[in-house]
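Okay, protein30.cif now, which holds mmCIF, C-alpha atoms:
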data_work
#
loop_
_atom_site.label_atom_id
_atom_site.label_comp_id
_atom_site.auth_asym_id
_atom_site.auth_seq_id
_atom_site.Cartn_x
_atom_site.Cartn_y
_atom_site.Cartn_z
CA MET A 1 49.97 5.80 -1.06
CA ASN A 2 49.33 9.50 -1.08
CA THR A 3 45.76 10.19 0.06
CA GLY A 4 46.34 13.82 0.94
CA TRP A 5 43.92 14.94 -1.75
CA ARG A 6 41.11 13.46 0.31
CA GLU A 7 41.72 16.13 2.90
CA ARG A 8 41.19 18.90 0.35
CA ALA A 9 38.10 21.08 0.61
CA TRP A 10 36.87 20.16 -2.87
CA TYR A 11 36.87 16.42 -2.21
CA PRO A 12 33.56 16.14 -0.28
CA VAL A 13 31.86 18.30 -2.88
CA ALA A 14 33.14 16.26 -5.78
CA TYR A 15 32.33 13.01 -3.95
CA MET A 16 28.78 14.10 -3.19
CA PHE A 17 28.35 15.16 -6.80
CA VAL A 18 29.36 11.77 -8.14
CA VAL A 19 27.41 9.84 -5.51
CA THR A 20 24.30 11.85 -6.39
CA ALA A 21 24.71 11.81 -10.15
CA VAL A 22 25.16 8.07 -10.63
CA PRO A 23 22.04 6.81 -8.78
CA THR A 24 19.96 9.67 -10.16
CA MET A 25 20.91 8.68 -13.67
CA LEU A 26 20.08 5.04 -13.00
CA LEU A 27 16.69 5.91 -11.52
CA LEU A 28 15.86 8.27 -14.35
CA GLY A 29 16.62 5.55 -16.84
CA LEU A 30 14.53 3.05 -14.96
CA SER A 31 11.50 5.28 -14.51
CA GLU A 32 11.72 6.24 -18.18
CA ALA A 33 11.85 2.58 -19.14
CA THR A 34 8.79 1.69 -17.07
CA ARG A 35 6.74 4.83 -17.73
CA GLU A 36 4.64 3.33 -20.49
CA ARG A 37 3.98 0.29 -18.37
CA VAL A 38 2.87 2.36 -15.37
CA LYS A 39 0.52 4.39 -17.56
CA ARG A 40 -0.90 1.22 -19.05
CA ASN A 41 -1.47 -0.21 -15.55
CA GLU A 42 -3.48 2.86 -14.54
CA ARG A 43 -5.50 2.75 -17.72
CA LEU A 44 -6.14 -0.96 -17.28
CA ALA A 45 -7.39 -0.50 -13.71
CA PHE A 46 -9.96 1.95 -15.05
CA GLU A 47 -11.00 -0.26 -17.95
CA ARG A 48 -11.42 -3.19 -15.61
CA ALA A 49 -13.66 -1.14 -13.30
CA VAL A 50 -15.81 -0.10 -16.27
CA ILE A 51 -16.26 -3.69 -17.42
CA GLN A 52 -16.94 -4.95 -13.91
CA ALA A 53 -19.58 -2.27 -13.38
CA LEU A 54 -21.23 -3.12 -16.70
CA GLU A 55 -21.06 -6.87 -16.21
CA PRO A 56 -21.13 -7.43 -12.44
CA GLU A 57 -21.59 -11.16 -12.83
CA LEU A 58 -18.30 -11.39 -14.64
CA SER A 59 -15.64 -13.13 -12.59
CA ALA A 60 -13.08 -10.79 -11.08
CA SER A 61 -10.35 -13.16 -12.15
CA LEU A 62 -10.51 -12.69 -15.90
CA PRO A 63 -7.06 -12.18 -17.37
CA LYS A 64 -6.16 -8.48 -17.44
CA ALA A 65 -5.87 -8.41 -21.21
CA ARG A 66 -9.45 -9.62 -21.56
CA TYR A 67 -10.82 -6.54 -19.80
CA HIS A 68 -8.91 -4.37 -22.22
CA GLU A 69 -10.29 -6.31 -25.17
CA LEU A 70 -13.86 -6.05 -23.91
CA PHE A 71 -13.41 -2.36 -23.22
CA MET A 72 -12.11 -1.58 -26.68
CA GLU A 73 -14.69 -3.79 -28.36
CA ARG A 74 -17.85 -2.68 -26.57
CA VAL A 75 -17.11 0.61 -24.85
CA GLY A 76 -14.44 2.55 -26.68
CA THR A 77 -13.01 5.88 -25.67
CA ASN A 78 -15.85 8.23 -26.63
CA THR A 79 -18.05 9.64 -23.91
CA PHE A 80 -21.58 11.00 -24.10
CA CYS A 81 -22.81 13.42 -21.41
CA GLY A 82 -19.79 12.35 -19.35
CA ALA A 83 -20.56 8.64 -19.51
CA TYR A 84 -19.17 5.80 -21.62
CA ARG A 85 -21.62 3.98 -23.86
CA TYR A 86 -21.75 0.21 -23.68
CA GLU A 87 -22.68 -1.18 -27.07
CA VAL A 88 -23.55 -4.77 -27.85
CA GLY A 89 -24.37 -5.55 -31.48
CA GLY A 90 -24.38 -1.86 -32.41
CA LYS A 91 -27.01 -0.98 -29.82
CA VAL A 92 -26.43 1.07 -26.67
CA VAL A 93 -27.30 -1.21 -23.76
CA ALA A 94 -25.96 0.81 -20.86
CA TYR A 95 -23.95 3.81 -19.74
CA ALA A 96 -20.86 3.68 -17.53
CA LEU A 97 -20.56 6.83 -15.47
CA PRO A 98 -17.24 7.55 -13.73
CA ILE A 99 -17.72 8.78 -10.17
CA GLU A 100 -15.12 10.39 -7.98
CA GLY A 101 -15.04 12.04 -4.57
CA GLN A 102 -13.40 12.27 -1.21
CA GLY A 103 -13.59 9.15 0.97
CA PHE A 104 -12.66 8.86 4.63
CA TRP A 105 -8.88 8.74 4.08
CA ALA A 106 -8.35 9.55 0.42
CA PRO A 107 -10.28 10.00 -2.83
CA ILE A 108 -12.54 7.18 -4.00
CA LYS A 109 -12.78 6.61 -7.74
CA GLY A 110 -15.18 4.24 -9.38
CA VAL A 111 -17.70 3.61 -12.12
CA ILE A 112 -21.46 3.13 -11.89
CA ALA A 113 -23.24 1.49 -14.80
CA ILE A 114 -26.85 2.36 -15.62
CA ASN A 115 -29.00 0.63 -18.22
CA ALA A 116 -30.04 2.42 -21.40
CA ASP A 117 -33.43 3.21 -19.81
CA THR A 118 -31.44 5.59 -17.51
CA GLN A 119 -33.47 4.07 -14.62
CA THR A 120 -32.00 0.74 -13.66
CA VAL A 121 -28.54 0.36 -12.14
CA ARG A 122 -26.46 -2.36 -13.70
CA GLY A 123 -23.48 -2.44 -11.38
CA ILE A 124 -20.77 -0.49 -9.60
CA SER A 125 -17.02 -0.92 -9.30
CA PHE A 126 -14.09 0.95 -7.76
CA TYR A 127 -10.59 1.29 -9.12
CA GLU A 128 -9.11 3.55 -6.48
CA GLN A 129 -9.87 3.66 -2.77
CA SER A 130 -7.82 3.66 0.43
CA GLU A 131 -10.60 3.15 2.96
CA THR A 132 -10.02 1.15 6.14
CA PRO A 133 -9.62 -2.57 5.35
CA GLY A 134 -12.48 -4.53 6.87
CA LEU A 135 -14.66 -1.43 7.26
CA GLY A 136 -14.92 1.29 4.62
CA ALA A 137 -12.95 -0.80 2.12
CA GLU A 138 -15.88 -3.23 2.07
CA ILE A 139 -17.37 -0.99 -0.64
CA ALA A 140 -15.06 -2.77 -3.07
CA GLU A 141 -16.26 -6.22 -1.99
CA ASP A 142 -18.82 -8.24 -3.91
CA TRP A 143 -21.52 -8.25 -1.20
CA PHE A 144 -21.67 -4.46 -1.33
CA ARG A 145 -21.27 -4.06 -5.06
CA LEU A 146 -23.79 -6.71 -6.10
CA GLN A 147 -26.57 -5.00 -4.11
CA PHE A 148 -26.64 -2.27 -6.76
CA THR A 149 -27.62 -4.54 -9.61
CA ASN A 150 -31.24 -4.00 -10.74
CA VAL A 151 -31.88 -1.17 -8.26
CA VAL A 152 -34.30 1.31 -9.87
CA LEU A 153 -33.24 4.91 -9.42
CA ALA A 154 -35.73 7.10 -7.56
CA GLU A 155 -37.09 10.17 -9.34
CA SER A 156 -36.52 12.21 -6.19
CA ASP A 157 -33.14 13.25 -4.85
CA PRO A 158 -31.08 11.29 -3.82
CA ALA A 159 -31.76 8.86 -6.60
CA LEU A 160 -29.90 6.05 -4.85
CA PRO A 161 -30.19 6.37 -1.05
CA PHE A 162 -28.22 4.09 1.30
CA ALA A 163 -29.93 2.34 4.19
CA TYR A 164 -28.41 2.90 7.63
CA ALA A 165 -29.43 1.12 10.84
CA GLY A 166 -33.16 1.59 11.36
CA GLY A 167 -33.66 3.50 8.10
CA GLU A 168 -34.67 2.66 4.57
CA GLY A 169 -32.74 2.85 1.35
CA ALA A 170 -32.02 1.10 -1.90
CA VAL A 171 -28.77 -0.55 -0.74
CA ASP A 172 -27.26 -1.25 2.67
CA ALA A 173 -24.50 1.05 3.88
CA VAL A 174 -21.36 -0.53 5.35
CA THR A 175 -21.62 -1.23 9.07
CA GLY A 176 -18.68 0.43 10.82
CA GLY A 177 -17.94 2.42 7.68
CA THR A 178 -20.43 5.22 8.14
CA GLN A 179 -18.01 7.97 7.09
CA THR A 180 -17.14 6.11 3.89
CA SER A 181 -20.80 5.31 3.20
CA THR A 182 -22.17 8.82 3.66
CA ARG A 183 -19.43 10.38 1.56
CA LEU A 184 -19.81 7.83 -1.21
CA GLU A 185 -23.59 8.20 -1.10
CA ARG A 186 -23.32 11.97 -1.43
CA PHE A 187 -20.87 12.31 -4.30
CA MET A 188 -22.32 9.34 -6.18
CA ASN A 189 -25.81 10.81 -6.09
CA GLU A 190 -24.50 14.22 -7.11
CA ARG A 191 -22.91 12.66 -10.18
CA ILE A 192 -25.98 10.60 -11.03
CA GLY A 193 -28.24 13.65 -10.62
CA ALA A 194 -26.07 15.83 -12.83
CA TRP A 195 -25.79 13.14 -15.48
CA ARG A 196 -29.54 12.51 -15.55
CA LYS A 197 -30.22 16.20 -15.95
CA LYS A 198 -27.80 16.38 -18.86
CA MET A 199 -29.31 13.32 -20.52
CA ARG A 200 -32.84 14.68 -20.26
CA GLY A 201 -31.81 18.16 -21.36
CA GLY A 202 -30.09 16.68 -24.40
CA GLU A 203 -33.03 14.58 -25.50
CA MET X 1 29.20 -0.35 20.18
CA SER X 2 29.26 -3.96 21.17
CA GLU X 3 28.36 -5.44 17.79
CA ALA X 4 31.25 -3.79 15.96
CA LYS X 5 33.70 -6.05 17.77
CA LYS X 6 31.96 -9.29 16.90
CA THR X 7 32.72 -10.51 13.43
CA GLY X 8 31.13 -13.96 13.40
CA VAL X 9 28.24 -13.87 10.96
CA GLY X 10 26.05 -16.05 13.15
CA LYS X 11 26.59 -13.74 16.09
CA ILE X 12 25.78 -10.69 13.99
CA ALA X 13 22.59 -12.31 12.79
CA LEU X 14 21.45 -13.30 16.26
CA GLU X 15 22.30 -9.86 17.56
CA ALA X 16 20.25 -8.16 14.83
CA VAL X 17 17.22 -10.42 15.00
CA TRP X 18 17.03 -11.01 18.73
CA TYR X 19 19.23 -9.12 21.19
CA ASN X 20 19.01 -5.86 19.29
CA ASN X 21 15.69 -6.45 17.55
CA PRO X 22 14.71 -3.16 15.90
CA ILE X 23 11.12 -3.28 17.12
CA PHE X 24 10.88 -4.78 20.58
CA ARG X 25 14.36 -3.83 21.73
CA GLN X 26 15.18 -0.56 19.97
CA ILE X 27 11.59 0.59 19.28
CA LEU X 28 12.51 1.76 15.77
CA GLY X 29 10.38 1.74 12.63
CA ILE X 30 7.14 2.00 14.60
CA CYS X 31 5.38 4.25 12.09
CA SER X 32 5.12 1.58 9.43
CA THR X 33 4.51 -1.09 12.07
CA LEU X 34 1.33 0.68 13.05
CA ALA X 35 0.28 1.56 9.53
CA VAL X 36 0.61 -1.53 7.38
CA THR X 37 -0.19 -4.38 9.75
CA ASN X 38 -3.94 -4.77 9.29
CA LEU X 39 -3.55 -7.14 6.34
CA VAL X 40 -0.98 -9.94 6.32
CA LEU X 41 -0.27 -9.72 2.59
CA ASN X 42 0.49 -5.98 2.72
CA THR X 43 2.72 -6.61 5.72
CA LEU X 44 4.69 -9.31 3.93
CA VAL X 45 5.38 -7.08 0.94
CA MET X 46 6.35 -4.17 3.19
CA CYS X 47 8.71 -6.44 5.15
CA ALA X 48 10.31 -7.77 1.97
CA ALA X 49 10.81 -4.21 0.73
CA LEU X 50 12.32 -3.05 4.00
CA THR X 51 14.59 -6.09 4.33
CA ALA X 52 15.88 -5.65 0.78
CA VAL X 53 16.48 -1.94 1.24
CA THR X 54 18.18 -2.33 4.64
CA GLY X 55 20.43 -5.10 3.38
CA LEU X 56 21.45 -3.40 0.15
CA SER X 57 21.95 0.03 1.65
CA SER X 58 24.09 -1.40 4.46
CA LEU X 59 26.13 -3.22 1.83
CA THR X 60 26.57 -0.08 -0.25
CA VAL X 61 27.40 2.13 2.73
CA SER X 62 30.00 -0.41 3.75
CA LEU X 63 31.52 -0.63 0.25
CA LEU X 64 31.87 3.14 0.07
CA ARG X 65 32.98 3.61 3.67
CA GLU X 66 36.70 4.06 2.81
CA TRP X 67 35.96 6.86 0.37
CA THR X 68 33.14 8.64 2.18
CA PRO X 69 34.33 11.80 3.94
CA ARG X 70 33.25 11.62 7.57
CA ASN X 71 31.57 15.01 7.69
CA ILE X 72 29.11 14.24 4.87
CA ARG X 73 28.57 10.56 5.60
CA MET X 74 24.96 10.93 6.75
CA MET X 75 23.96 12.71 3.55
CA VAL X 76 25.58 9.93 1.56
CA GLU X 77 23.82 7.26 3.63
CA THR X 78 20.42 8.89 3.16
CA LEU X 79 21.06 9.19 -0.54
CA ILE X 80 21.90 5.50 -0.84
CA MET X 81 18.73 4.54 1.05
CA ALA X 82 16.62 6.84 -1.08
CA PHE X 83 18.06 5.22 -4.19
CA TYR X 84 17.01 1.73 -3.15
CA VAL X 85 13.61 2.84 -1.89
CA ILE X 86 12.78 4.56 -5.16
CA LEU X 87 13.97 1.46 -6.97
CA VAL X 88 11.44 -0.62 -5.02
CA ASP X 89 8.72 1.97 -5.56
CA VAL X 90 9.26 2.12 -9.33
CA ALA X 91 9.30 -1.67 -9.54
CA LEU X 92 6.01 -1.91 -7.64
CA ALA X 93 4.40 0.78 -9.79
CA ALA X 94 5.35 -1.10 -12.93
CA TYR X 95 4.73 -4.69 -11.87
CA TRP X 96 2.37 -4.70 -8.90
CA PRO X 97 0.30 -1.50 -9.00
CA GLU X 98 -2.45 -2.88 -6.73
CA MET X 99 0.02 -3.54 -3.95
CA ARG X 100 1.63 -0.14 -4.37
CA LYS X 101 -1.80 1.40 -3.88
CA ASN X 102 -2.41 -0.68 -0.75
CA LEU X 103 0.85 0.34 0.85
CA GLY X 104 0.19 3.97 0.06
CA PRO X 105 2.98 6.30 1.11
CA PHE X 106 4.72 3.76 3.35
CA VAL X 107 7.10 2.38 0.77
CA GLY X 108 8.42 5.89 0.16
CA LEU X 109 8.64 6.44 3.88
CA ILE X 110 11.12 3.57 4.25
CA ILE X 111 13.69 6.30 3.51
CA THR X 112 12.97 7.86 6.89
CA ASN X 113 12.79 4.51 8.69
CA CYS X 114 15.18 4.77 11.64
CA ILE X 115 16.24 1.13 11.27
CA LEU X 116 18.13 1.96 8.07
CA MET X 117 20.02 4.93 9.42
CA GLY X 118 20.56 3.05 12.67
CA ARG X 119 22.23 0.09 10.93
CA ALA X 120 24.24 2.31 8.58
CA GLU X 121 25.60 4.43 11.44
CA ALA X 122 26.01 1.72 14.05
CA PHE X 123 27.37 -1.01 11.83
CA ALA X 124 27.89 -0.59 8.09
CA ILE X 125 30.00 2.58 8.21
CA THR X 126 32.69 0.79 10.28
CA ASN X 127 32.42 -2.83 9.09
CA PRO X 128 33.31 -4.81 5.94
CA PRO X 129 30.64 -5.43 3.25
CA TRP X 130 29.69 -9.05 3.96
CA PRO X 131 28.95 -8.65 7.70
CA SER X 132 27.14 -5.38 6.89
CA LEU X 133 24.88 -7.13 4.41
CA VAL X 134 24.10 -9.83 6.97
CA ASP X 135 23.44 -7.24 9.64
CA GLY X 136 21.12 -5.26 7.37
CA VAL X 137 19.15 -8.26 6.15
CA MET X 138 18.86 -9.71 9.64
CA SER X 139 17.66 -6.42 11.09
CA GLY X 140 15.03 -6.37 8.37
CA LEU X 141 14.01 -9.91 9.28
CA GLY X 142 13.85 -8.96 12.96
CA TYR X 143 11.46 -6.20 12.00
CA SER X 144 9.48 -8.57 9.78
CA MET X 145 9.10 -11.16 12.52
CA ILE X 146 7.29 -8.75 14.83
CA LEU X 147 5.20 -7.21 12.04
CA VAL X 148 3.95 -10.56 10.81
CA ILE X 149 2.92 -11.57 14.35
CA ILE X 150 0.98 -8.33 14.77
CA ALA X 151 -0.58 -8.59 11.31
CA VAL X 152 -1.73 -12.20 11.74
CA VAL X 153 -3.51 -11.34 15.00
CA ARG X 154 -5.04 -8.14 13.64
CA GLU X 155 -6.33 -9.65 10.43
CA LEU X 156 -7.57 -12.83 12.13
CA PHE X 157 -9.42 -11.10 14.96
CA GLY X 158 -10.52 -8.10 12.93
CA MET X 159 -11.56 -9.72 9.66
CA GLY X 160 -11.57 -13.48 10.27
CA THR X 161 -9.09 -14.06 7.45
CA ILE X 162 -5.37 -14.54 6.90
CA CYS X 163 -3.96 -13.24 3.61
CA GLY X 164 -7.59 -12.88 2.52
CA VAL X 165 -8.34 -16.58 3.08
CA ALA X 166 -11.26 -17.20 5.46
CA VAL X 167 -10.27 -19.02 8.65
CA PRO X 168 -12.82 -21.48 10.09
CA TYR X 169 -14.56 -20.26 13.24
CA PHE X 170 -13.11 -16.75 12.98
CA SER X 171 -15.01 -16.10 9.76
CA SER X 172 -18.20 -17.74 11.02
CA GLU X 173 -21.11 -16.08 12.78
CA TYR X 174 -19.82 -17.32 16.16
CA TRP X 175 -16.97 -14.86 16.00
CA ASP X 176 -17.80 -11.20 16.55
CA LYS X 177 -15.21 -9.36 14.50
CA TRP X 178 -13.07 -7.06 16.61
CA ILE X 179 -13.42 -3.90 14.57
CA ILE X 180 -10.84 -2.11 16.70
CA MET X 181 -8.20 -4.56 15.44
CA VAL X 182 -8.33 -3.27 11.88
CA MET X 183 -8.44 0.35 13.02
CA PRO X 184 -5.24 2.22 13.99
CA PRO X 185 -5.77 1.81 17.78
CA GLY X 186 -5.68 -1.97 17.33
CA ALA X 187 -2.07 -1.62 16.17
CA PHE X 188 -1.12 0.30 19.31
CA PHE X 189 -2.57 -2.34 21.61
CA MET X 190 -1.03 -5.21 19.67
CA LEU X 191 2.38 -3.56 19.48
CA ALA X 192 2.40 -2.89 23.21
CA LEU X 193 1.39 -6.48 23.98
CA VAL X 194 4.01 -7.93 21.64
CA ILE X 195 6.79 -5.73 23.04
CA TRP X 196 5.75 -6.64 26.56
CA ALA X 197 5.70 -10.36 25.77
CA PHE X 198 9.07 -10.35 24.01
CA ARG X 199 10.80 -8.19 26.58
CA SER X 200 9.57 -10.48 29.31
CA TYR X 201 11.33 -13.40 27.61
CA ALA X 202 14.33 -11.94 25.80
CA PRO X 203 17.32 -11.05 27.92
CA GLU X 204 18.93 -7.65 27.51
CA ALA X 205 21.96 -7.44 25.22
CA GLY X 206 25.01 -6.84 27.42
CA GLY X 207 23.09 -5.19 30.22
CA GLU X 208 21.67 -1.88 29.07
CA SER X 209 19.48 -1.67 25.99
CA ARG X 210 19.90 1.14 23.51
CA LYS X 211 17.34 3.87 23.39
#
Show this structure as structure tokens.
Amino acid sequence: MNTGWRERAWYPVAYMFVVTAVPTMLLLGLSEATRERVKRNERLAFERAVIQALEPELSASLPKARYHELFMERVGTNTFCGAYRYEVGGKVVAYALPIEGQGFWAPIKGVIAINADTQTVRGISFYEQSETPGLGAEIAEDWFRLQFTNVVLAESDPALPFAYAGGEGAVDAVTGGTQTSTRLERFMNERIGAWRKKMRGGE
Amino acid sequence: MSEAKKTGVGKIALEAVWYNNPIFRQILGICSTLAVTNLVLNTLVMCAALTAVTGLSSLTVSLLREWTPRNIRMMVETLIMAFYVILVDVALAAYWPEMRKNLGPFVGLIITNCILMGRAEAFAITNPPWPSLVDGVMSGLGYSMILVIIAVVRELFGMGTICGVAVPYFSSEYWDKWIIMVMPPGAFFMLALVIWAFRSYAPEAGGESRK
């Protein structure tokens, strides 16, 4: 068998070209085929956070499709002063305000729900966070989240202070997750403050 | 290279998992060992991903070995690994987005995991496909074995749970959670202890161990 052509200068180039082109094509096809699905997953994570913030008592194990249904039925895609309106029976019951800011390792994204009186917190939920498991990541756990329900926002700033060891506040910060807690406390209160101002200005 | 001479599949497997274990013998793939071992579930998924990628890329490198020009072989090997890693990443993004978020950048970083290049260069490039597949998969399992041990201890001592399930005593008030275990330094201590323990028991492969 004559394999002399393998010694030619063009062979490695041609080989590399083929070996690059084939997998690239396959991956392109695959990522194209799953793109819609990936987008839907991201959207669903957000919708779930909105529903969980609005209805904190709701079990976290509802089927995924149910969150989407509830979102479309009661929330919809329109925002008002930067918040989503939660409507039951044609009446606005609460607002879901997306919050976002830098955590300890990476951005934290979540939703805080406030009743229509713009005073009482209904719930909070996070759909993106990479805080330390067991410490900062506790913000996504029920014990932390459920503390927010029925907290009345203060008129002063910050409207929703966290309690650290020896101090006072509306909800307990995470022990061992001080960096996560202070950052979350800061950007969350900034968002709440800005939203409240807008709501009052618009009235 | 001692393993290139041995063709028995059982021998290859034992060599990869034990005598040449990527973690405690060769000290390869440490980056992800330190990063993903604070939760057992994340560790299991990471291990499955790495084992699949190591096995398949060793197989592919071996299949192409007759045609791959020697001077560009490392580029080709990296390309093959990247292909499988992206495959895993896309699959996770589409079907298990929560897990992909948990693992963060570490699935993508499998491409730079030294275990893959190590197996491709030391074994797959000079051996037939079937032994190469076994070697790759077994190296991945050798890696997984150590990671799971580290993860179980870290999650149990640090959080009182295993795979998120509360363990009696460890999740009760009698157990003071070792916060350091879930933080990065906990991984360093655990890794050092595990390597020490295994090296004390496991004999060296053919005298000198590889660096």
Selection under test: the PyMOL selection byres ((chain A) within 12 of (chain X)); residues as an mmCIF file with C-alpha atoms, in the coordinates of the input:
data_model
loop_
_atom_site.group_PDB
_atom_site.id
_atom_site.type_symbol
_atom_site.label_atom_id
_atom_site.label_comp_id
_atom_site.auth_asym_id
_atom_site.auth_seq_id
_atom_site.Cartn_x
_atom_site.Cartn_y
_atom_site.Cartn_z
ATOM 1 C CA THR A 3 45.760 10.190 0.060
ATOM 2 C CA TRP A 5 43.920 14.940 -1.750
ATOM 3 C CA ARG A 6 41.110 13.460 0.310
ATOM 4 C CA GLU A 7 41.720 16.130 2.900
ATOM 5 C CA ARG A 8 41.190 18.900 0.350
ATOM 6 C CA ALA A 9 38.100 21.080 0.610
ATOM 7 C CA TRP A 10 36.870 20.160 -2.870
ATOM 8 C CA TYR A 11 36.870 16.420 -2.210
ATOM 9 C CA PRO A 12 33.560 16.140 -0.280
ATOM 10 C CA VAL A 13 31.860 18.300 -2.880
ATOM 11 C CA ALA A 14 33.140 16.260 -5.780
ATOM 12 C CA TYR A 15 32.330 13.010 -3.950
ATOM 13 C CA MET A 16 28.780 14.100 -3.190
ATOM 14 C CA PHE A 17 28.350 15.160 -6.800
ATOM 15 C CA VAL A 18 29.360 11.770 -8.140
ATOM 16 C CA VAL A 19 27.410 9.840 -5.510
ATOM 17 C CA THR A 20 24.300 11.850 -6.390
ATOM 18 C CA ALA A 21 24.710 11.810 -10.150
ATOM 19 C CA VAL A 22 25.160 8.070 -10.630
ATOM 20 C CA PRO A 23 22.040 6.810 -8.780
ATOM 21 C CA THR A 24 19.960 9.670 -10.160
ATOM 22 C CA MET A 25 20.910 8.680 -13.670
ATOM 23 C CA LEU A 26 20.080 5.040 -13.000
ATOM 24 C CA LEU A 27 16.690 5.910 -11.520
ATOM 25 C CA LEU A 28 15.860 8.270 -14.350
ATOM 26 C CA GLY A 29 16.620 5.550 -16.840
ATOM 27 C CA LEU A 30 14.530 3.050 -14.960
ATOM 28 C CA SER A 31 11.500 5.280 -14.510
ATOM 29 C CA GLU A 32 11.720 6.240 -18.180
ATOM 30 C CA ALA A 33 11.850 2.580 -19.140
ATOM 31 C CA THR A 34 8.790 1.690 -17.070
ATOM 32 C CA ARG A 35 6.740 4.830 -17.730
ATOM 33 C CA GLU A 36 4.640 3.330 -20.490
ATOM 34 C CA ARG A 37 3.980 0.290 -18.370
ATOM 35 C CA VAL A 38 2.870 2.360 -15.370
ATOM 36 C CA LYS A 39 0.520 4.390 -17.560
ATOM 37 C CA ARG A 40 -0.900 1.220 -19.050
ATOM 38 C CA ASN A 41 -1.470 -0.210 -15.550
ATOM 39 C CA GLU A 42 -3.480 2.860 -14.540
ATOM 40 C CA ARG A 43 -5.500 2.750 -17.720
ATOM 41 C CA LEU A 44 -6.140 -0.960 -17.280
ATOM 42 C CA ALA A 45 -7.390 -0.500 -13.710
ATOM 43 C CA TRP A 105 -8.880 8.740 4.080
ATOM 44 C CA ALA A 106 -8.350 9.550 0.420
ATOM 45 C CA TYR A 127 -10.590 1.290 -9.120
ATOM 46 C CA GLU A 128 -9.110 3.550 -6.480
ATOM 47 C CA GLN A 129 -9.870 3.660 -2.770
ATOM 48 C CA SER A 130 -7.820 3.660 0.430
ATOM 49 C CA GLU A 131 -10.600 3.150 2.960
ATOM 50 C CA THR A 132 -10.020 1.150 6.140
ATOM 51 C CA PRO A 133 -9.620 -2.570 5.350
ATOM 52 C CA GLY A 134 -12.480 -4.530 6.870
ATOM 53 C CA LEU A 135 -14.660 -1.430 7.260
ATOM 54 C CA GLY A 136 -14.920 1.290 4.620
ATOM 55 C CA ALA A 137 -12.950 -0.800 2.120
ATOM 56 C CA GLU A 138 -15.880 -3.230 2.070
ATOM 57 C CA GLU A 141 -16.260 -6.220 -1.990
ATOM 58 C CA THR A 175 -21.620 -1.230 9.070
ATOM 59 C CA GLY A 176 -18.680 0.430 10.820
ATOM 60 C CA GLY A 177 -17.940 2.420 7.680
#
Once the PyMOL selection byres ((chain A and resi 70) around 12) has been applied to the shown file, what residues remain in the selection, as a compact mmCIF listing (two decimals) with C-alpha atoms, in the coordinates of the input?
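File produced: expr.txt:
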# COMPACT_ATOMS: atom_id res chain seq x y z
CA LEU A 44 -6.14 -0.96 -17.28
CA GLU A 47 -11.00 -0.26 -17.95
CA ARG A 48 -11.42 -3.19 -15.61
CA ALA A 49 -13.66 -1.14 -13.30
CA VAL A 50 -15.81 -0.10 -16.27
CA ILE A 51 -16.26 -3.69 -17.42
CA GLN A 52 -16.94 -4.95 -13.91
CA LEU A 54 -21.23 -3.12 -16.70
CA GLU A 55 -21.06 -6.87 -16.21
CA LEU A 58 -18.30 -11.39 -14.64
CA LEU A 62 -10.51 -12.69 -15.90
CA PRO A 63 -7.06 -12.18 -17.37
CA LYS A 64 -6.16 -8.48 -17.44
CA ALA A 65 -5.87 -8.41 -21.21
CA ARG A 66 -9.45 -9.62 -21.56
CA TYR A 67 -10.82 -6.54 -19.80
CA HIS A 68 -8.91 -4.37 -22.22
CA GLU A 69 -10.29 -6.31 -25.17
CA PHE A 71 -13.41 -2.36 -23.22
CA MET A 72 -12.11 -1.58 -26.68
CA GLU A 73 -14.69 -3.79 -28.36
CA ARG A 74 -17.85 -2.68 -26.57
CA VAL A 75 -17.11 0.61 -24.85
CA GLY A 76 -14.44 2.55 -26.68
CA TYR A 86 -21.75 0.21 -23.68
CA GLU A 87 -22.68 -1.18 -27.07
CA VAL A 88 -23.55 -4.77 -27.85
Subject >> Among listed residues A:Asp172, A:Glu190, A:Asp142, A:Glu185, nearest A:Pro56 (using all atoms listed in the file) >> reply: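 For A:Pro56, the nearest of the given residues is A:Asp142.
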Subject >> Result set, the PyMOL selection byres ((chain A and resi 155) around 12) on current file, as a ChimeraX atom specification >> reply: /A:118-120,152-154,156-161,189,192-193,196-197
Subject >> Who sits within 10 Å of stretch 22-29 of chain X, all atoms listed in the file, same chain under 2 positions skipped, as a ChimeraX atom specification >> reply: /X:16-20,31-34,110,112-116,118-119,138-147,191-192,194-199,202-205,209-211
Original post:
How many Å lie between atom CA of A:Asn150 and atom CA of A:Ile124, rounded to one decimal?
Top reply: 11.1 Å
**OP:** With a distance cut-off of 8 Å and only C-alpha atoms, select the neighbouring residues of A:Val171, excluding the residue or stretch itself and same-chain residues fewer than 2 positions from it, and output the selection as a ChimeraX atom specification.
**Re:** /A:147-148,160-163,169,173
Original post:
What gap, in Å, lies between atom CA of X:Cys163 and atom CA of X:Leu41?
Top reply: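 Rounded to one decimal, the two atoms are 5.2 Å apart.
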**OP:** Please identify all polymer residues within 8 Å of stretch 124-131 of chain X, counting all atoms listed in the file, omitting same-chain residues fewer than 3 positions from it, and present them as a PyMOL selection string.
**Re:** chain X and resi 4+7+9+12+58-63+65+119-121+134-135
Subject >> Within 8 Å of A:Ala116 using only C-alpha atoms, minus same-chain residues under 4 positions, as a VMD selection string >> reply: chain A and resid 92 to 95
**OP:** State, in Å with one decimal place, the distance from atom CA of X:Leu14 to atom CA of X:Arg154.
**Re:**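 If I compute the distance from atom CA of X:Leu14 to atom CA of X:Arg154, I get 27.1 Å.
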**OP:** Between X:Val137, X:Ala52, X:Gly8, X:Met117, single out the one closest to X:Glu77, counting all atoms listed in the file.
**Re:**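 Result for the nearest residue to X:Glu77: X:Met117.
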